[in-house]
Amino acid sequence: AQSVTQPDIHITVSEGASLELRCNYSYGATPYLFWYVQSPGQGLQLLLKYFSGDTLVQGIKGFEAEFKRSQSSFNLRKPSVHWSDAAEYFCAVGARSGSSNTGKLIFGQGTTLQVKP
Amino acid sequence: KAGVTQTPRYLIKTRGQQVTLSCSPISGHRSVSWYQQTPGQGLQFLFEYFSETQRNKGNFPGRFSGRQFSNSRSEMNVSTLELGDSALYLCASSLGTIAGVSGDTQYFGPGTRLTVL
């Protein structure tokens, strides 16, 4: 079955500290992988995506993620967290165009990030 | 380019009523996907439309339906509302016509918050 697991429901880090949010997926084919961020009461903003090629991808706001096929993981990292990064983060997998699952993203349960001053 | 817009942003309905939500995709995008977000179930895929045709559907009852117009704008309808339908409904658009990075990346609107009393 296709699924995404974000093992950490809630993470608290101090401002300026590094951050890693974990994401593991189960997917039959090679998936597209995404990280989105959601502030309270808002929609989802795309942080970064992986489709193919270089397994380390850069995104907006200083975020990066590394795709590890052997571990079925796509962890999100940031070297120095800012107070404005406090939000909920979602990892998602999607199908390639032409597949039976076109247009469908499967999301993890989300990780809420709290930033301490 | 303007982003994905959703109207209305907030709705309050009572059980048994029906509701229609609207989504205008990013200009040039032909695929629109809908998601339901609740605290208990997280983000769940409802359906996806491309060129006025439903290409994919999630595991929701038939009370949930949608359509897409020739200008790619989409509506979703929920009939006979139940308390459990209270949620944030998100729509996302993508190019849908080009496989790979550009075509399959979904951009989300701000959502419609539906409350069923």
# chains A, B, ... in the order shown; residues from 1 in each chain; ligands from 1

call {"tool": "residues_around", "arguments": {"residues": "Cys23 (chain A)", "least_positions_apart": "3", "cutoff": "9 Å", "atoms": "only C-alpha atoms", "output": "ChimeraX atom specification"}}
result
/A:4-8,72-76,90-92,108

call {"tool": "residues_around", "arguments": {"residues": "Gln38 (chain A)", "least_positions_apart": "3", "cutoff": "10 Å", "atoms": "only C-alpha atoms", "output": "list in words"}}
result
Gly41, Gln42, Gly43, Leu44, Gln45, Leu46, Ala86, Ala87, Glu88, Tyr89, Phe90, Gly110 and Thr112 of chain A; Pro110 of chain B

call {"tool": "write_last_selection", "arguments": {"atoms": "C-alpha atoms", "output": "PDB file, in the first residue's frame"}}
result
ATOM      1  CA  GLY A  41      -5.436  28.735   8.791  1.00  0.00           C
ATOM      2  CA  GLN A  42      -3.534  28.790   5.508  1.00  0.00           C
ATOM      3  CA  GLY A  43      -3.087  26.563   2.502  1.00  0.00           C
ATOM      4  CA  LEU A  44       0.020  24.556   1.706  1.00  0.00           C
ATOM      5  CA  GLN A  45       3.149  26.203   0.367  1.00  0.00           C
ATOM      6  CA  LEU A  46       5.599  24.138  -1.648  1.00  0.00           C
ATOM      7  CA  ALA A  86       7.245  27.613  13.162  1.00  0.00           C
ATOM      8  CA  ALA A  87       4.478  25.848  11.223  1.00  0.00           C
ATOM      9  CA  GLU A  88       3.264  22.399  10.218  1.00  0.00           C
ATOM     10  CA  TYR A  89       5.299  20.487   7.651  1.00  0.00           C
ATOM     11  CA  PHE A  90       3.944  17.828   5.354  1.00  0.00           C
ATOM     12  CA  GLY A 110       2.473  16.248   9.421  1.00  0.00           C
ATOM     13  CA  THR A 112       4.415  20.586  13.926  1.00  0.00           C
TER      14      THR A 112
ATOM     15  CA  PRO B 110      -5.787  28.964   0.818  1.00  0.00           C
TER      16      PRO B 110
END

call {"tool": "closest_atom_pairs", "arguments": {"of": "chain B", "to": "chain A", "cutoff": "9 Å", "atoms": "only C-alpha atoms", "output": "Markdown table"}}
result
| residue | atom | partner | partner_atom | distance |
| --- | --- | --- | --- | --- |
| B:Ser31 | CA | A:Gly103 | CA | 7.4 |
| B:Val32 | CA | A:Gly103 | CA | 7.7 |
| B:Ser33 | CA | A:Gly103 | CA | 6.3 |
| B:Trp34 | CA | A:Lys104 | CA | 8.9 |
| B:Gln41 | CA | A:Gln109 | CA | 8.1 |
| B:Gly42 | CA | A:Gln109 | CA | 5.8 |
| B:Leu43 | CA | A:Phe107 | CA | 6.2 |
| B:Gln44 | CA | A:Ile106 | CA | 7.3 |
| B:Phe45 | CA | A:Lys104 | CA | 6.4 |
| B:Leu46 | CA | A:Lys104 | CA | 8.6 |
| B:Phe47 | CA | A:Lys104 | CA | 7.6 |
| B:Glu48 | CA | A:Gly103 | CA | 5.8 |
| B:Tyr49 | CA | A:Gly103 | CA | 8.1 |
| B:Phe50 | CA | A:Gly103 | CA | 8.9 |
| B:Arg55 | CA | A:Thr102 | CA | 7.5 |
| B:Asn56 | CA | A:Asn101 | CA | 6.6 |
| B:Lys57 | CA | A:Lys104 | CA | 8.4 |
| B:Gly58 | CA | A:Lys104 | CA | 8.4 |
| B:Leu88 | CA | A:Gly41 | CA | 8.7 |
| B:Leu90 | CA | A:Gly43 | CA | 7.0 |
| B:Cys91 | CA | A:Gly43 | CA | 8.9 |
| B:Ser93 | CA | A:Gly103 | CA | 8.9 |
| B:Ser94 | CA | A:Gly103 | CA | 8.2 |
| B:Gly96 | CA | A:Ser97 | CA | 7.2 |
| B:Thr97 | CA | A:Ser97 | CA | 8.0 |
| B:Ile98 | CA | A:Ser97 | CA | 7.4 |
| B:Ala99 | CA | A:Ser97 | CA | 5.1 |
| B:Gly100 | CA | A:Phe51 | CA | 6.8 |
| B:Val101 | CA | A:Phe51 | CA | 6.2 |
| B:Gly103 | CA | A:Ser97 | CA | 7.7 |
| B:Asp104 | CA | A:Ser97 | CA | 6.7 |
| B:Thr105 | CA | A:Lys49 | CA | 8.0 |
| B:Gln106 | CA | A:Gly103 | CA | 8.1 |
| B:Tyr107 | CA | A:Leu46 | CA | 7.0 |
| B:Phe108 | CA | A:Leu44 | CA | 5.6 |
| B:Gly109 | CA | A:Gly43 | CA | 5.6 |
| B:Pro110 | CA | A:Gly43 | CA | 4.0 |
| B:Gly111 | CA | A:Gly43 | CA | 5.7 |
| B:Arg113 | CA | A:Gly41 | CA | 8.6 |

call {"tool": "residues_around", "arguments": {"residues": "Lys13 (chain B)", "least_positions_apart": "3", "cutoff": "7 Å", "atoms": "only C-alpha atoms", "output": "list in words"}}
result
Gln17, Thr115, Val116 and Leu117 of chain B

call {"tool": "select_by_dssp", "arguments": {"residues": "chain A", "states": "strand (DSSP E or B)", "output": "PyMOL selection string"}}
result
chain A and resi 3-5+10-14+19-21+24-26+32-38+44-50+56-58+64-68+73-78+87-94+105-107+111-116

call {"tool": "atom_distance", "arguments": {"atom1": "CA of Glu75 (chain B)", "atom2": "CA of Gln36 (chain B)"}}
result
13.8 Å

call {"tool": "closest_residue", "arguments": {"among": "B:Gln18, B:Gly84, B:Gln37, B:Val4", "to": "Arg63 (chain B)", "atoms": "only C-alpha atoms"}}
result
B:Gln18

call {"tool": "atom_distance", "arguments": {"atom1": "CA of Arg15 (chain B)", "atom2": "CA of Tyr35 (chain B)"}}
result
20.7 Å

call {"tool": "select_by_dssp", "arguments": {"residues": "chain B", "states": "helix (DSSP H, G or I)", "output": "ChimeraX atom specification"}}
result
/B:83-85,101-104

call {"tool": "decode", "arguments": {"residues": "region 5-34 of chain B", "atoms": "N, CA, C and O atoms", "output": "tab-separated table (two decimals), in the first residue's frame"}}
result
chain	number	residue	atom	x	y	z
B	5	THR	N	-7.02	30.40	-6.32
B	5	THR	CA	-7.98	31.08	-5.45
B	5	THR	C	-9.15	30.16	-5.16
B	5	THR	O	-9.56	29.36	-6.02
B	6	GLN	N	-9.68	30.28	-3.94
B	6	GLN	CA	-10.82	29.48	-3.53
B	6	GLN	C	-11.85	30.38	-2.89
B	6	GLN	O	-11.52	31.27	-2.10
B	7	THR	N	-13.09	30.13	-3.24
B	7	THR	CA	-14.19	30.88	-2.64
B	7	THR	C	-15.32	29.94	-2.26
B	7	THR	O	-15.54	28.92	-2.93
B	8	PRO	N	-16.04	30.25	-1.19
B	8	PRO	CA	-15.69	31.27	-0.20
B	8	PRO	C	-14.57	30.77	0.71
B	8	PRO	O	-14.17	29.63	0.62
B	9	ARG	N	-14.05	31.62	1.55
B	9	ARG	CA	-13.01	31.18	2.47
B	9	ARG	C	-13.59	30.48	3.69
B	9	ARG	O	-12.97	29.59	4.26
B	10	TYR	N	-14.79	30.90	4.08
B	10	TYR	CA	-15.44	30.32	5.25
B	10	TYR	C	-16.91	30.09	4.93
B	10	TYR	O	-17.54	30.89	4.25
B	11	LEU	N	-17.41	28.97	5.47
B	11	LEU	CA	-18.81	28.61	5.29
B	11	LEU	C	-19.33	27.94	6.55
B	11	LEU	O	-18.64	27.10	7.12
B	12	ILE	N	-20.55	28.31	6.93
B	12	ILE	CA	-21.22	27.60	8.01
B	12	ILE	C	-22.54	27.07	7.48
B	12	ILE	O	-23.33	27.84	6.92
B	13	LYS	N	-22.73	25.77	7.62
B	13	LYS	CA	-23.95	25.12	7.14
B	13	LYS	C	-24.51	24.24	8.25
B	13	LYS	O	-23.84	23.97	9.24
B	14	THR	N	-25.72	23.80	8.05
B	14	THR	CA	-26.32	22.86	9.01
B	14	THR	C	-26.46	21.49	8.36
B	14	THR	O	-26.44	21.36	7.13
B	15	ARG	N	-26.58	20.51	9.22
B	15	ARG	CA	-26.70	19.12	8.73
B	15	ARG	C	-27.85	19.00	7.73
B	15	ARG	O	-28.91	19.58	7.92
B	16	GLY	N	-27.61	18.23	6.69
B	16	GLY	CA	-28.64	18.00	5.68
B	16	GLY	C	-28.59	18.96	4.50
B	16	GLY	O	-29.13	18.66	3.44
B	17	GLN	N	-27.94	20.10	4.70
B	17	GLN	CA	-27.82	21.05	3.60
B	17	GLN	C	-26.77	20.57	2.60
B	17	GLN	O	-26.06	19.59	2.83
B	18	GLN	N	-26.69	21.29	1.50
B	18	GLN	CA	-25.62	21.02	0.55
B	18	GLN	C	-24.78	22.27	0.36
B	18	GLN	O	-25.20	23.37	0.71
B	19	VAL	N	-23.57	22.08	-0.15
B	19	VAL	CA	-22.66	23.20	-0.29
B	19	VAL	C	-21.84	23.05	-1.58
B	19	VAL	O	-21.56	21.93	-2.02
B	20	THR	N	-21.52	24.17	-2.17
B	20	THR	CA	-20.67	24.19	-3.36
B	20	THR	C	-19.47	25.08	-3.11
B	20	THR	O	-19.63	26.23	-2.68
B	21	LEU	N	-18.29	24.54	-3.36
B	21	LEU	CA	-17.04	25.28	-3.20
B	21	LEU	C	-16.41	25.48	-4.57
B	21	LEU	O	-16.50	24.62	-5.43
B	22	SER	N	-15.73	26.61	-4.72
B	22	SER	CA	-15.17	26.95	-6.02
B	22	SER	C	-13.66	27.10	-5.95
B	22	SER	O	-13.11	27.53	-4.94
B	23	CYS	N	-13.01	26.76	-7.06
B	23	CYS	CA	-11.56	26.83	-7.14
B	23	CYS	C	-11.16	27.34	-8.52
B	23	CYS	O	-11.57	26.79	-9.55
B	24	SER	N	-10.35	28.40	-8.54
B	24	SER	CA	-9.80	28.90	-9.81
B	24	SER	C	-8.31	28.60	-9.83
B	24	SER	O	-7.57	29.08	-8.97
B	25	PRO	N	-7.86	27.80	-10.80
B	25	PRO	CA	-6.44	27.40	-10.83
B	25	PRO	C	-5.54	28.52	-11.34
B	25	PRO	O	-6.02	29.54	-11.82
B	26	ILE	N	-4.27	28.29	-11.22
B	26	ILE	CA	-3.29	29.20	-11.80
B	26	ILE	C	-3.49	29.22	-13.32
B	26	ILE	O	-3.76	28.17	-13.93
B	27	SER	N	-3.36	30.39	-13.89
B	27	SER	CA	-3.57	30.53	-15.33
B	27	SER	C	-2.68	29.55	-16.10
B	27	SER	O	-1.47	29.46	-15.86
B	28	GLY	N	-3.30	28.81	-17.01
B	28	GLY	CA	-2.55	27.84	-17.81
B	28	GLY	C	-2.55	26.43	-17.23
B	28	GLY	O	-2.21	25.47	-17.93
B	29	HIS	N	-2.92	26.31	-15.98
B	29	HIS	CA	-3.00	24.98	-15.36
B	29	HIS	C	-4.32	24.32	-15.74
B	29	HIS	O	-5.37	24.94	-15.68
B	30	ARG	N	-4.24	23.05	-16.10
B	30	ARG	CA	-5.44	22.34	-16.54
B	30	ARG	C	-5.89	21.24	-15.59
B	30	ARG	O	-6.94	20.65	-15.77
B	31	SER	N	-5.07	20.95	-14.59
B	31	SER	CA	-5.44	19.91	-13.64
B	31	SER	C	-5.78	20.55	-12.30
B	31	SER	O	-5.07	21.43	-11.82
B	32	VAL	N	-6.89	20.10	-11.71
B	32	VAL	CA	-7.29	20.58	-10.39
B	32	VAL	C	-7.58	19.36	-9.52
B	32	VAL	O	-8.33	18.47	-9.90
B	33	SER	N	-6.95	19.36	-8.35
B	33	SER	CA	-7.17	18.29	-7.37
B	33	SER	C	-7.78	18.88	-6.13
B	33	SER	O	-7.49	20.02	-5.76
B	34	TRP	N	-8.61	18.10	-5.44
B	34	TRP	CA	-9.26	18.53	-4.21
B	34	TRP	C	-8.86	17.62	-3.06
B	34	TRP	O	-8.74	16.39	-3.24
